[in-house]
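A.B. asks: Could you have a look at this structure, given as structure tokens, before my questions?
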Amino acid sequence: MTCRTPLRGIFAGLGRERLPGTVFSLVLAAAAAPSAHADANAGSVLAHQGSAGVPACVSCHGMQGEGQAASGFPRLAGQNQDYLLKELQAFADGTRKSPQMNPIASALSAAQKRDATAYFASLPAWKQQDKPNTSSPSYQRGRKLATVGDWNKEMPACFICHGAGGRGVPPHFPALVGQPRAYTRAQLEAWRSAKRANDPQGLMRSVGAKMTDQEIADVSLYLENPSPAEVEE
Ligand code: HEC
Ligand code: HEC
């Protein structure tokens, strides 16, 4: 990361005294390796065929794990495995709520969770296919929030935490690019109302609390298909 120094100032606005230390310790804390014995081949079978009481993951998350734009089902392909596994565990223990995922995650064994997340993490990360309409005002506002933030309300750029181009900084900061906009939007609304509250140190609840409906719509639109300049490192 090239932006260590400005980071401190930006984070100071988010959570005041506790944030800078929090973020740095998150970045530095190496995750225990839950993925050590994962079997991505077994994960592929589970993802495509399901198993007793568990529907095939791809029926909702797409044949290549690309997600389903119309239903707002998230992309899993290329997302960091530790992050996917953490979320699956949160669905299983109920700390993240979803009518679809709670029963599925509870039905999976620890090994199945590991294998399925190893499989989806191994699939190719998002690549741009169609050029976005970069002249849309909503898109431009979304790009600004993602890349610059909004100093007037002490809102840091999304990419400060989520990495260059929103590609994620494993293991704690997930990739955001290529997510169906309905999914990003629903998550931001859920952080804002604290309906989703499984974020470390409340980092995303702090961000969500500062966002208007318009900003949520703008940044969700932008992140679905960000312009190449922001995607390149
Ligand atoms: C019936 C549809 C459906 C099926 C089948 C399904 N999922 Fe999901 N999944 C969802 C939805 C909807 C969400 C978003 C939940 C929310 O709103 O927070 C989700 C979210 C997730 C997430 C969190 C992603 C993120 O970026 O935070 C993971 C991981 C996941 N699913 C894994 C799986 C795995 C593994 C399987 C197969 C064993 C599976 N899902 C099967 C609908 C489904
Ligand atoms: C201070 C650091 C920080 C900033 C700034 C930040 N995020 Fe996050 N974000 C996180 C962390 C940490 C998580 C993981 C939460 C968890 O573990 O469940 C996250 C998760 C998310 C998720 C859920 C992804 C998924 O698939 O589960 C979305 C969507 C998201 N952030 C969007 C944004 C957007 C949009 C912005 C800018 C407006 C932003 N974030 C700014 C730290 C940050």
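Residues are named by chain letter and number: chains run A, B, ... in the order of the structure tokens, numbers start at 1 in each chain, and ligands are numbered from 1 in the order shown.
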Give as a PDB file with C-alpha atoms, in the first residue's frame the residues surrounding ligand 1 up to a distance of 6 Å, considering only C-alpha atoms and all ligand atoms.

C.D. replies:
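Writing done, so here's selection-v3.pdb:
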ATOM      1  CA  ALA A  47     -21.355 -26.305  -5.483  1.00  0.00           C
ATOM      2  CA  PRO A  55     -29.229 -27.073  -2.841  1.00  0.00           C
ATOM      3  CA  ALA A  56     -26.474 -26.556  -5.416  1.00  0.00           C
ATOM      4  CA  CYS A  57     -24.770 -23.246  -4.640  1.00  0.00           C
ATOM      5  CA  SER A  59     -28.356 -22.400  -8.658  1.00  0.00           C
ATOM      6  CA  CYS A  60     -28.281 -19.036  -6.894  1.00  0.00           C
ATOM      7  CA  PHE A  73     -27.393 -12.858  -5.280  1.00  0.00           C
ATOM      8  CA  PRO A  74     -23.725 -12.126  -4.654  1.00  0.00           C
ATOM      9  CA  LEU A  84     -16.133 -16.363   2.354  1.00  0.00           C
ATOM     10  CA  GLU A  87     -19.373 -15.196   6.247  1.00  0.00           C
ATOM     11  CA  LEU A  88     -20.554 -18.779   5.897  1.00  0.00           C
ATOM     12  CA  SER A  98     -30.407 -14.277   5.478  1.00  0.00           C
ATOM     13  CA  GLN A 100     -31.733 -18.170   2.059  1.00  0.00           C
ATOM     14  CA  MET A 101     -28.301 -18.672   3.594  1.00  0.00           C
ATOM     15  CA  ALA A 116     -17.019 -24.885  -1.020  1.00  0.00           C
ATOM     16  CA  THR A 117     -15.286 -21.625  -0.138  1.00  0.00           C
TER      17      THR A 117
END

A.B. asks: Compute the set of protein, DNA and RNA residues whose minimum atom distance to ligand 2 is at most 6 Å, using only C-alpha atoms and all ligand atoms, and state it as a ChimeraX atom specification.

C.D. replies: /A:145-146,156-158,160-161,172-174,184,187-188,198-200,203-204,207,219

A.B. asks: Could you save the residues just selected, with N, CA and C atoms, as an mmCIF file, in the first residue's frame?

C.D. replies:
data_model
loop_
_atom_site.group_PDB
_atom_site.id
_atom_site.type_symbol
_atom_site.label_atom_id
_atom_site.label_comp_id
_atom_site.auth_asym_id
_atom_site.auth_seq_id
_atom_site.Cartn_x
_atom_site.Cartn_y
_atom_site.Cartn_z
ATOM 1 N N LEU A 145 -17.155 8.648 -4.668
ATOM 2 C CA LEU A 145 -17.233 8.084 -3.304
ATOM 3 C C LEU A 145 -16.254 6.922 -3.140
ATOM 4 N N ALA A 146 -16.190 6.088 -4.152
ATOM 5 C CA ALA A 146 -15.347 4.892 -4.055
ATOM 6 C C ALA A 146 -13.867 5.250 -4.044
ATOM 7 N N PRO A 156 -14.398 8.188 4.306
ATOM 8 C CA PRO A 156 -13.212 7.755 3.557
ATOM 9 C C PRO A 156 -13.607 7.064 2.251
ATOM 10 N N ALA A 157 -12.693 7.086 1.303
ATOM 11 C CA ALA A 157 -12.921 6.361 0.052
ATOM 12 C C ALA A 157 -13.081 4.871 0.347
ATOM 13 N N CYS A 158 -14.021 4.249 -0.335
ATOM 14 C CA CYS A 158 -14.205 2.801 -0.139
ATOM 15 C C CYS A 158 -12.902 2.050 -0.410
ATOM 16 N N ILE A 160 -9.908 2.822 0.068
ATOM 17 C CA ILE A 160 -8.896 2.900 1.127
ATOM 18 C C ILE A 160 -8.847 1.578 1.888
ATOM 19 N N CYS A 161 -10.008 1.047 2.195
ATOM 20 C CA CYS A 161 -10.043 -0.236 2.905
ATOM 21 C C CYS A 161 -10.132 -1.416 1.940
ATOM 22 N N HIS A 172 -9.406 -9.523 5.503
ATOM 23 C CA HIS A 172 -10.533 -8.863 6.173
ATOM 24 C C HIS A 172 -11.397 -7.994 5.269
ATOM 25 N N PHE A 173 -10.813 -7.484 4.189
ATOM 26 C CA PHE A 173 -11.539 -6.518 3.365
ATOM 27 C C PHE A 173 -11.916 -7.157 2.032
ATOM 28 N N PRO A 174 -13.194 -7.465 1.858
ATOM 29 C CA PRO A 174 -13.598 -8.209 0.653
ATOM 30 C C PRO A 174 -13.514 -7.374 -0.618
ATOM 31 N N THR A 184 -24.970 -5.068 -3.397
ATOM 32 C CA THR A 184 -24.194 -4.048 -2.680
ATOM 33 C C THR A 184 -25.140 -3.095 -1.960
ATOM 34 N N GLN A 187 -26.671 -4.671 1.116
ATOM 35 C CA GLN A 187 -25.707 -4.792 2.217
ATOM 36 C C GLN A 187 -25.478 -3.436 2.882
ATOM 37 N N LEU A 188 -25.335 -2.392 2.056
ATOM 38 C CA LEU A 188 -25.098 -1.060 2.637
ATOM 39 C C LEU A 188 -26.300 -0.615 3.471
ATOM 40 N N ASN A 198 -22.068 -8.009 11.550
ATOM 41 C CA ASN A 198 -20.950 -8.936 11.796
ATOM 42 C C ASN A 198 -19.617 -8.376 11.290
ATOM 43 N N ASP A 199 -19.541 -7.048 11.154
ATOM 44 C CA ASP A 199 -18.294 -6.429 10.689
ATOM 45 C C ASP A 199 -17.353 -6.190 11.857
ATOM 46 N N PRO A 200 -16.051 -6.443 11.644
ATOM 47 C CA PRO A 200 -15.100 -6.224 12.743
ATOM 48 C C PRO A 200 -15.100 -4.765 13.173
ATOM 49 N N LEU A 203 -16.774 -1.424 11.552
ATOM 50 C CA LEU A 203 -16.228 -0.563 10.488
ATOM 51 C C LEU A 203 -17.267 -0.230 9.432
ATOM 52 N N MET A 204 -18.012 -1.220 8.968
ATOM 53 C CA MET A 204 -18.983 -0.936 7.904
ATOM 54 C C MET A 204 -20.244 -0.274 8.433
ATOM 55 N N VAL A 207 -19.466 3.331 8.244
ATOM 56 C CA VAL A 207 -19.550 3.843 6.868
ATOM 57 C C VAL A 207 -21.022 3.977 6.462
ATOM 58 N N VAL A 219 -22.968 4.436 -5.496
ATOM 59 C CA VAL A 219 -21.748 3.635 -5.346
ATOM 60 C C VAL A 219 -22.015 2.173 -5.738
#

A.B. asks: Got a sec: who's within 12 Å of A:Asp93, counting only C-alpha atoms, leaving out chain neighbours fewer than 6 positions off, as a PyMOL selection string?

C.D. replies: chain A and resi 86-87+101-108+198

A.B. asks: Just to be explicit: take each residue in the selection above, keep C-alpha atoms, and write the result as an mmCIF file, in the first residue's frame.

C.D. replies:
data_model
loop_
_atom_site.group_PDB
_atom_site.id
_atom_site.type_symbol
_atom_site.label_atom_id
_atom_site.label_comp_id
_atom_site.auth_asym_id
_atom_site.auth_seq_id
_atom_site.Cartn_x
_atom_site.Cartn_y
_atom_site.Cartn_z
ATOM 1 C CA LYS A 86 -16.072 -16.238 7.832
ATOM 2 C CA GLU A 87 -19.373 -15.196 6.247
ATOM 3 C CA MET A 101 -28.301 -18.672 3.594
ATOM 4 C CA ASN A 102 -29.059 -19.384 7.279
ATOM 5 C CA PRO A 103 -30.550 -22.863 6.695
ATOM 6 C CA ILE A 104 -27.980 -23.742 4.014
ATOM 7 C CA ALA A 105 -24.968 -22.759 6.093
ATOM 8 C CA SER A 106 -26.353 -24.563 9.158
ATOM 9 C CA ALA A 107 -26.698 -27.757 7.123
ATOM 10 C CA LEU A 108 -23.066 -27.704 5.930
ATOM 11 C CA ASN A 198 -20.950 -8.936 11.796
#

A.B. asks: For a quick check of understanding, using only C-alpha atoms, which of A:Phe120, A:Ala186, A:Ser193, A:Lys113 has the smallest distance to A:Gly78?

C.D. replies: A:Phe120

A.B. asks: Could you give me, as a Markdown table, a per-residue list for stretch 68-184 of chain A showing, wherever an atom lies at most 6 Å from an atom of stretch 38-46 of chain A, the closest pair of atoms and their distance in Å to one decimal, using only C-alpha atoms and sorting by chain then residue number from low to high?

C.D. replies:
| residue | atom | partner | partner_atom | distance |
| --- | --- | --- | --- | --- |
| A:Arg114 | CA | A:Ala38 | CA | 5.5 |
| A:Asp115 | CA | A:Gly43 | CA | 4.3 |
| A:Ala116 | CA | A:Gly43 | CA | 3.9 |
| A:Ala118 | CA | A:Ala40 | CA | 5.2 |
| A:Tyr119 | CA | A:Ala40 | CA | 4.3 |

A.B. asks: Just the number, please: distance in Å from atom CA of A:Ala121 to atom CA of A:Ala77, one decimal.

C.D. replies: 5.6 Å

A.B. asks: To one decimal place in Å, what is the distance between atom CA of A:Ser220 and atom CA of A:Ser138?

C.D. replies: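 Taking atom CA of A:Ser220 and atom CA of A:Ser138, their separation equals 9.7 Å.
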
A.B. asks: Residues within 7 Å of A:Asn225, please, as a VMD selection string. Count only C-alpha atoms; anything in the same chain fewer than 6 positions from it doesn't count.

C.D. replies: chain A and resid 128 132 177 to 178

A.B. asks: To one decimal place in Å, what is the distance between atom CA of A:Gly165 and atom CA of A:Ala194?

C.D. replies: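 If I compute the distance from atom CA of A:Gly165 to atom CA of A:Ala194, I get 26.2 Å.
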